[in-house]
$ cat final-v7.csv   # CSV, C-alpha atoms
chain,number,residue,atom,x,y,z
T,1,MET,CA,-13.2,-22.9,-20.0
T,2,PRO,CA,-12.7,-19.9,-17.6
T,3,GLY,CA,-9.7,-17.8,-18.4
T,4,ILE,CA,-7.7,-16.8,-15.4
T,5,LEU,CA,-7.5,-18.0,-11.8
T,6,SER,CA,-6.0,-15.4,-9.6
T,7,ILE,CA,-4.6,-16.7,-6.3
T,8,VAL,CA,-4.5,-14.5,-3.3
T,9,GLU,CA,-2.4,-15.8,-0.4
T,10,ARG,CA,-0.7,-12.9,1.3
T,11,ALA,CA,-3.2,-11.0,3.4
T,12,TYR,CA,-3.4,-7.6,4.9
T,13,HIS,CA,-0.2,-6.3,3.3
T,14,GLY,CA,-0.5,-2.6,2.8
T,15,THR,CA,-4.3,-2.7,3.0
T,16,ILE,CA,-4.5,0.3,5.3
T,17,GLU,CA,-2.5,2.6,3.0
T,18,GLU,CA,-4.2,1.2,-0.1
T,19,GLN,CA,-7.7,1.1,1.4
T,20,ASP,CA,-8.1,-2.3,-0.2
T,21,ASP,CA,-6.2,-5.4,-1.1
T,22,THR,CA,-4.2,-4.7,-4.3
T,23,ILE,CA,-4.9,-8.1,-5.9
T,24,LEU,CA,-8.6,-8.1,-5.2
T,25,TRP,CA,-8.6,-4.6,-6.6
T,26,ILE,CA,-6.7,-5.4,-9.8
T,27,SER,CA,-8.8,-8.5,-10.2
T,28,HIS,CA,-12.0,-6.4,-10.1
T,29,MET,CA,-10.4,-4.1,-12.6
T,30,PHE,CA,-9.8,-7.0,-15.0
T,31,LYS,CA,-13.3,-8.2,-14.4
T,32,ASN,CA,-14.7,-4.8,-15.2
T,33,ALA,CA,-12.6,-4.8,-18.4
T,34,GLY,CA,-14.3,-8.0,-19.5
T,35,ALA,CA,-11.9,-10.6,-18.3
T,36,ASP,CA,-13.1,-14.1,-17.6
T,37,LEU,CA,-11.6,-14.3,-14.2
T,38,SER,CA,-11.9,-16.2,-10.9
T,39,VAL,CA,-10.2,-15.6,-7.6
T,40,LEU,CA,-9.0,-18.2,-5.1
T,41,LEU,CA,-8.4,-17.1,-1.5
T,42,ARG,CA,-6.1,-19.4,0.4
T,43,SER,CA,-4.0,-19.4,3.5
T,44,ASN,CA,-4.3,-16.2,5.5
T,45,ALA,CA,-6.3,-14.5,2.7
T,46,VAL,CA,-9.3,-16.7,3.5
T,47,ASN,CA,-10.0,-14.1,6.2
T,48,TYR,CA,-10.8,-11.6,3.5
T,49,ALA,CA,-14.2,-13.4,3.1
T,50,VAL,CA,-15.2,-13.0,6.7
T,51,LYS,CA,-18.1,-10.5,7.1
T,52,GLY,CA,-18.1,-7.7,9.6
T,53,GLN,CA,-14.5,-6.6,9.4
T,54,ASP,CA,-13.9,-3.2,10.8
T,55,ALA,CA,-10.6,-1.4,10.2
T,56,SER,CA,-11.9,2.0,11.3
T,57,GLY,CA,-10.5,4.2,14.1
T,58,LEU,CA,-6.9,4.4,13.1
T,59,SER,CA,-5.1,7.7,13.5
T,60,PHE,CA,-1.5,8.8,13.4
T,61,GLY,CA,-0.9,12.0,15.3
T,62,ASP,CA,-3.9,14.2,14.4
T,63,VAL,CA,-4.5,12.6,11.0
T,64,LYS,CA,-7.3,10.1,10.9
T,65,LEU,CA,-7.8,7.3,8.4
T,66,SER,CA,-11.2,8.6,7.2
T,67,VAL,CA,-11.8,5.8,4.6
T,68,PRO,CA,-10.6,2.5,6.0
T,69,PRO,CA,-10.5,-0.7,3.9
T,70,LYS,CA,-13.7,-2.8,3.7
T,71,ILE,CA,-12.3,-6.0,2.3
T,72,ASP,CA,-15.3,-8.1,3.1
T,73,ASP,CA,-17.4,-5.8,1.1
T,74,ASP,CA,-14.8,-5.8,-1.7
T,75,VAL,CA,-14.9,-9.6,-1.8
T,76,GLU,CA,-18.7,-9.6,-2.0
T,77,ALA,CA,-18.7,-7.0,-4.7
T,78,LEU,CA,-16.2,-9.0,-6.7
T,79,ALA,CA,-18.4,-12.1,-6.5
T,80,SER,CA,-21.5,-9.9,-7.4
T,81,SER,CA,-19.7,-8.7,-10.5
T,82,GLY,CA,-19.7,-12.3,-11.8
T,83,ALA,CA,-16.3,-13.4,-10.8
T,84,LYS,CA,-16.2,-16.8,-9.1
T,85,VAL,CA,-14.6,-16.4,-5.7
T,86,TYR,CA,-13.2,-19.6,-4.2
T,87,VAL,CA,-12.1,-20.1,-0.6
T,88,VAL,CA,-10.1,-23.1,0.5
T,89,GLU,CA,-12.2,-25.0,3.0
T,90,GLU,CA,-9.5,-26.4,5.2
T,91,ASP,CA,-7.8,-23.0,5.5
T,92,LEU,CA,-11.0,-21.7,7.0
T,93,LYS,CA,-11.2,-24.7,9.4
T,94,ASP,CA,-7.6,-24.3,10.4
T,95,ARG,CA,-8.4,-20.8,11.5
T,96,GLY,CA,-11.6,-21.6,13.3
T,97,ILE,CA,-13.7,-19.7,10.7
T,98,GLY,CA,-17.2,-21.1,10.2
T,99,ASN,CA,-18.9,-21.1,6.9
T,100,ASP,CA,-21.7,-19.0,8.4
T,101,GLU,CA,-19.2,-16.2,9.0
T,102,LEU,CA,-18.5,-15.6,5.3
T,103,VAL,CA,-20.0,-13.0,2.9
T,104,SER,CA,-22.4,-14.2,0.3
T,105,GLY,CA,-21.3,-15.5,-3.1
T,106,ILE,CA,-18.4,-17.6,-1.9
T,107,SER,CA,-17.6,-21.0,-3.3
T,108,LEU,CA,-15.8,-23.4,-1.0
T,109,VAL,CA,-13.1,-25.7,-2.5
T,110,LYS,CA,-11.2,-28.5,-0.8
T,111,ARG,CA,-7.5,-28.7,-1.0
T,112,SER,CA,-7.8,-32.0,-2.8
T,113,ALA,CA,-9.8,-30.3,-5.5
T,114,LEU,CA,-7.3,-27.5,-6.2
T,115,ALA,CA,-5.4,-29.3,-8.9
T,116,GLY,CA,-8.6,-29.9,-10.7
T,117,LEU,CA,-9.5,-26.3,-10.3
T,118,PHE,CA,-6.2,-25.2,-11.8
T,119,ASP,CA,-6.8,-27.5,-14.7
T,120,GLN,CA,-10.2,-25.8,-15.3
T,121,HIS,CA,-8.4,-22.5,-16.1
T,122,ASP,CA,-6.3,-21.4,-19.0
T,123,ALA,CA,-4.0,-19.4,-16.8
T,124,VAL,CA,-3.2,-19.5,-13.0
T,125,TRP,CA,-1.8,-16.4,-11.5
T,126,GLN,CA,-0.2,-16.8,-8.1
T,127,TRP,CA,0.4,-13.4,-6.7
B,1,MET,CA,20.9,1.5,27.8
B,2,THR,CA,18.5,3.7,29.7
B,3,THR,CA,19.1,7.4,29.7
B,4,SER,CA,18.2,9.3,32.8
B,5,GLY,CA,15.1,11.4,32.9
B,6,SER,CA,13.5,10.4,29.6
B,7,ARG,CA,12.8,7.3,27.6
B,8,THR,CA,13.7,6.8,24.0
B,9,LEU,CA,12.6,4.1,21.6
B,10,THR,CA,14.7,3.4,18.5
B,11,MET,CA,13.1,1.6,15.6
B,12,ALA,CA,14.5,0.3,12.3
B,13,LEU,CA,12.4,-0.6,9.4
B,14,MET,CA,12.9,-1.7,5.8
B,15,ASP,CA,9.6,-2.0,4.0
B,16,ALA,CA,8.4,0.3,1.3
B,17,PRO,CA,5.0,2.0,1.5
B,18,TYR,CA,1.9,0.3,0.1
B,19,GLU,CA,3.5,-3.1,0.2
B,20,THR,CA,3.1,-4.7,3.6
B,21,GLY,CA,1.5,-4.3,6.9
B,22,THR,CA,4.7,-3.4,8.7
B,23,THR,CA,4.4,0.3,7.9
B,24,THR,CA,1.1,0.5,9.7
B,25,THR,CA,2.5,-1.4,12.6
B,26,VAL,CA,5.5,0.8,12.9
B,27,LEU,CA,3.6,4.0,12.6
B,28,ARG,CA,1.1,2.9,15.2
B,29,ILE,CA,3.9,2.1,17.6
B,30,VAL,CA,5.5,5.5,16.9
B,31,ASP,CA,2.2,7.2,17.5
B,32,ALA,CA,1.6,5.3,20.8
B,33,ALA,CA,5.1,6.0,22.0
B,34,LEU,CA,4.8,9.8,21.3
B,35,ARG,CA,1.4,9.9,23.1
B,36,LYS,CA,3.1,8.4,26.1
B,37,GLY,CA,5.9,11.0,26.1
B,38,ILE,CA,8.5,8.7,24.8
B,39,ASN,CA,11.1,10.0,22.3
B,40,VAL,CA,11.3,8.0,19.1
B,41,ASN,CA,14.1,7.6,16.6
B,42,VAL,CA,13.4,5.9,13.3
B,43,PHE,CA,16.0,4.6,11.0
B,44,ALA,CA,14.5,4.0,7.5
B,45,TYR,CA,16.6,1.5,5.6
B,46,GLU,CA,16.3,0.3,2.0
B,47,GLY,CA,12.7,0.5,0.7
B,48,ALA,CA,11.5,2.4,3.8
B,49,VAL,CA,13.2,5.6,2.6
B,50,SER,CA,10.3,6.0,0.3
B,51,LEU,CA,7.9,6.3,3.2
B,52,THR,CA,8.6,10.0,3.4
B,53,LEU,CA,8.5,10.9,-0.3
B,54,LYS,CA,6.5,14.1,-0.4
B,55,GLY,CA,5.1,13.5,-3.9
B,56,GLN,CA,2.8,10.7,-2.9
B,57,ALA,CA,-0.5,11.6,-4.5
B,58,ALA,CA,-4.1,10.7,-3.6
B,59,HIS,CA,-6.0,9.0,-6.4
B,60,PRO,CA,-9.6,7.9,-7.2
B,61,ASN,CA,-10.8,4.3,-7.0
B,62,PRO,CA,-12.3,3.3,-10.4
B,63,VAL,CA,-13.6,0.0,-9.0
B,64,LYS,CA,-15.8,1.9,-6.5
B,65,GLY,CA,-16.4,4.8,-8.8
B,66,THR,CA,-15.1,7.3,-6.2
B,67,ASN,CA,-13.0,10.3,-6.9
B,68,ALA,CA,-9.8,11.2,-5.0
B,69,GLU,CA,-11.7,13.6,-2.7
B,70,ASP,CA,-14.3,10.9,-1.7
B,71,GLN,CA,-11.6,8.4,-1.3
B,72,ASP,CA,-9.4,10.6,0.9
B,73,HIS,CA,-6.5,8.3,0.0
B,74,PRO,CA,-4.0,8.2,2.8
B,75,SER,CA,-0.2,8.2,2.3
B,76,SER,CA,2.7,7.2,4.5
B,77,ALA,CA,4.1,10.7,4.1
B,78,LYS,CA,0.9,12.3,5.4
B,79,PHE,CA,0.8,10.1,8.4
B,80,ILE,CA,4.5,10.7,9.1
B,81,SER,CA,4.0,14.4,8.8
B,82,ALA,CA,1.4,14.2,11.5
B,83,LEU,CA,3.8,12.2,13.7
B,84,PHE,CA,6.4,14.9,13.3
B,85,GLU,CA,3.8,17.5,14.4
B,86,LYS,CA,3.3,15.3,17.5
B,87,GLY,CA,7.0,14.8,18.1
B,88,GLN,CA,8.4,18.3,17.7
B,89,GLU,CA,10.2,18.6,21.0
B,90,ALA,CA,9.3,16.7,24.1
B,91,PRO,CA,8.7,14.0,23.1
B,92,LYS,CA,10.8,14.3,20.0
B,93,LEU,CA,10.6,12.3,16.8
B,94,ASP,CA,13.9,11.9,14.9
B,95,TRP,CA,13.9,10.2,11.6
B,96,VAL,CA,16.9,9.3,9.5
B,97,ASN,CA,16.7,8.0,5.9
B,98,CYS,CA,19.7,5.9,4.9
B,99,GLY,CA,21.5,8.1,2.4
B,100,LEU,CA,22.9,5.4,0.2
B,101,CYS,CA,19.4,3.8,0.0
B,102,VAL,CA,18.0,7.2,-1.0
B,103,ASP,CA,20.6,7.7,-3.7
B,104,GLU,CA,20.2,4.3,-5.3
B,105,ARG,CA,16.4,5.0,-5.5
B,106,ALA,CA,16.6,8.7,-6.4
B,107,ALA,CA,14.2,9.0,-3.5
B,108,GLY,CA,15.4,12.3,-2.0
B,109,ASP,CA,12.4,14.6,-2.2
B,110,TRP,CA,11.0,14.3,1.3
B,111,ILE,CA,8.5,15.9,3.5
B,112,ASP,CA,9.8,18.2,6.2
B,113,GLY,CA,11.3,16.3,9.2
B,114,PRO,CA,13.5,13.4,8.0
B,115,ARG,CA,17.2,13.9,7.7
B,116,ARG,CA,19.9,12.0,5.8
B,117,GLY,CA,22.1,9.6,7.7
B,118,GLY,CA,23.6,6.2,7.7
B,119,PRO,CA,24.1,3.0,9.7
B,120,GLY,CA,26.1,4.8,12.3
B,121,ASP,CA,23.0,6.7,13.4
B,122,LEU,CA,21.2,3.5,14.1
B,123,LEU,CA,24.2,2.1,16.1
B,124,LYS,CA,24.5,5.4,18.1
B,125,TRP,CA,20.8,5.5,18.7
B,126,SER,CA,20.7,1.9,19.8
B,127,ASN,CA,23.5,2.5,22.3
B,128,GLU,CA,21.7,5.6,23.7
B,129,SER,CA,18.1,4.4,23.7
B,130,THR,CA,15.9,2.6,26.3
B,131,ASN,CA,15.2,0.0,23.8
B,132,THR,CA,15.5,-0.8,20.0
B,133,LEU,CA,13.0,-2.5,17.9
B,134,VAL,CA,13.9,-3.8,14.4
B,135,ILE,CA,11.1,-4.5,11.9
B,136,GLY,CA,12.8,-6.3,9.1
B,137,ALA,CA,11.6,-6.8,5.5
B,138,HIS,CA,8.7,-9.1,5.1
$ encode --input "final-v7.csv" --output "structure tokens"
Amino acid sequence: MPGILSIVERAYHGTIEEQDDTILWISHMFKNAGADLSVLLRSNAVNYAVKGQDASGLSFGDVKLSVPPKIDDDVEALASSGAKVYVVEEDLKDRGIGNDELVSGISLVKRSALAGLFDQHDAVWQW
Amino acid sequence: MTTSGSRTLTMALMDAPYETGTTTTVLRIVDAALRKGINVNVFAYEGAVSLTLKGQAAHPNPVKGTNAEDQDHPSSAKFISALFEKGQEAPKLDWVNCGLCVDERAAGDWIDGPRRGGPGDLLKWSNESTNTLVIGAH
């Protein structure tokens, strides 16, 4: 049985200053440390899996944000590391996001299957 | 209230750095206003007083294997310092950190620019400004 299911729901909170999403980041750290971990993107966070995001070009006064977040790349890297990354299918559809817009390595899950998904994990972490 | 000759925007915000998207939104509005020649007052309330802490340090990213230099990690203090450079005189950026909020957080070691104040500053500014925008806690 997989160990931890980490749920990310709040999206784009502090991502400019952090240069990433803090929960995706800590999930990847746990994965690198050997954790058996999956991630579920739901609600507004499903947009994290959309490829082609570009947060470049910001500046404040004369200071430029030289290294912007690349959250789609981060999601793809997390999936490539062996973590299962689930995205709620209806949350994509509600936002008009097509499956062909997603980065590779994503597993779609229906809302009706979420309870079963939770049951498949020892721990569910809702951030 | 509109003052004659120049326009002034007052903003109030509450969120701490690195937590929400509101910091970015506020700083973008401040930047845009200054570029248009509009004076800006910012009242930092509660967690927002930490935005100007000067000890914010860049760090590496162990997930990506980058060091602090490669990562060029931004900080709210760095961005706000740049805004103070932009808003030295005309237009002018004035920034008040709520003193009681600072004290309860021991968050008083700031970059150059902000000053200590209180709710009365926001009220006064609001009465004197062209408009006031409140960005509450998320």
$ interface_residues --input "final-v7.csv" --of "chain T" --to "chain B" --cutoff "6 Å" --atoms "all atoms listed in the file" --output "PyMOL selection string"
chain T and resi 13-14+17+60-61
$ closest_residue --input "final-v7.csv" --among "T:Leu108, T:Leu58, T:Ile4, T:Leu65" --to "Gln120 (chain T)" --atoms "all atoms listed in the file"
T:Ile4
$ residues_around --input "final-v7.csv" --residues "Ile7 (chain T)" --least-positions-apart "4" --cutoff "7 Å" --atoms "only C-alpha atoms" --output "list in words"
Val39, Leu40, Leu41, Trp125, Gln126 and Trp127 of chain T
$ closest_residue --input "final-v7.csv" --among "T:Val63, T:Ala123, T:Val75, T:Ala35" --to "Ile106 (chain T)" --atoms "only C-alpha atoms"
T:Val75
$ residues_near_point --input "final-v7.csv" --point "(-11.5, -23.0, -3.7)" --cutoff "9 Å" --atoms "all atoms listed in the file" --output "PyMOL selection string"
chain T and resi 39-42+85-89+106-111+113-114+117
$ residues_near_point --input "final-v7.csv" --point "(-13.9, -4.7, -10.2)" --cutoff "9 Å" --atoms "only C-alpha atoms" --output "list in words"
Leu24, Trp25, Ile26, Ser27, His28, Met29, Phe30, Lys31, Asn32, Ala33, Asp74, Ala77, Leu78 and Ser81 of chain T; Pro62, Val63 and Lys64 of chain B
$ atom_distance --input "final-v7.csv" --atom1 "CA of Leu53 (chain B)" --atom2 "CA of Lys70 (chain T)"
26.4 Å
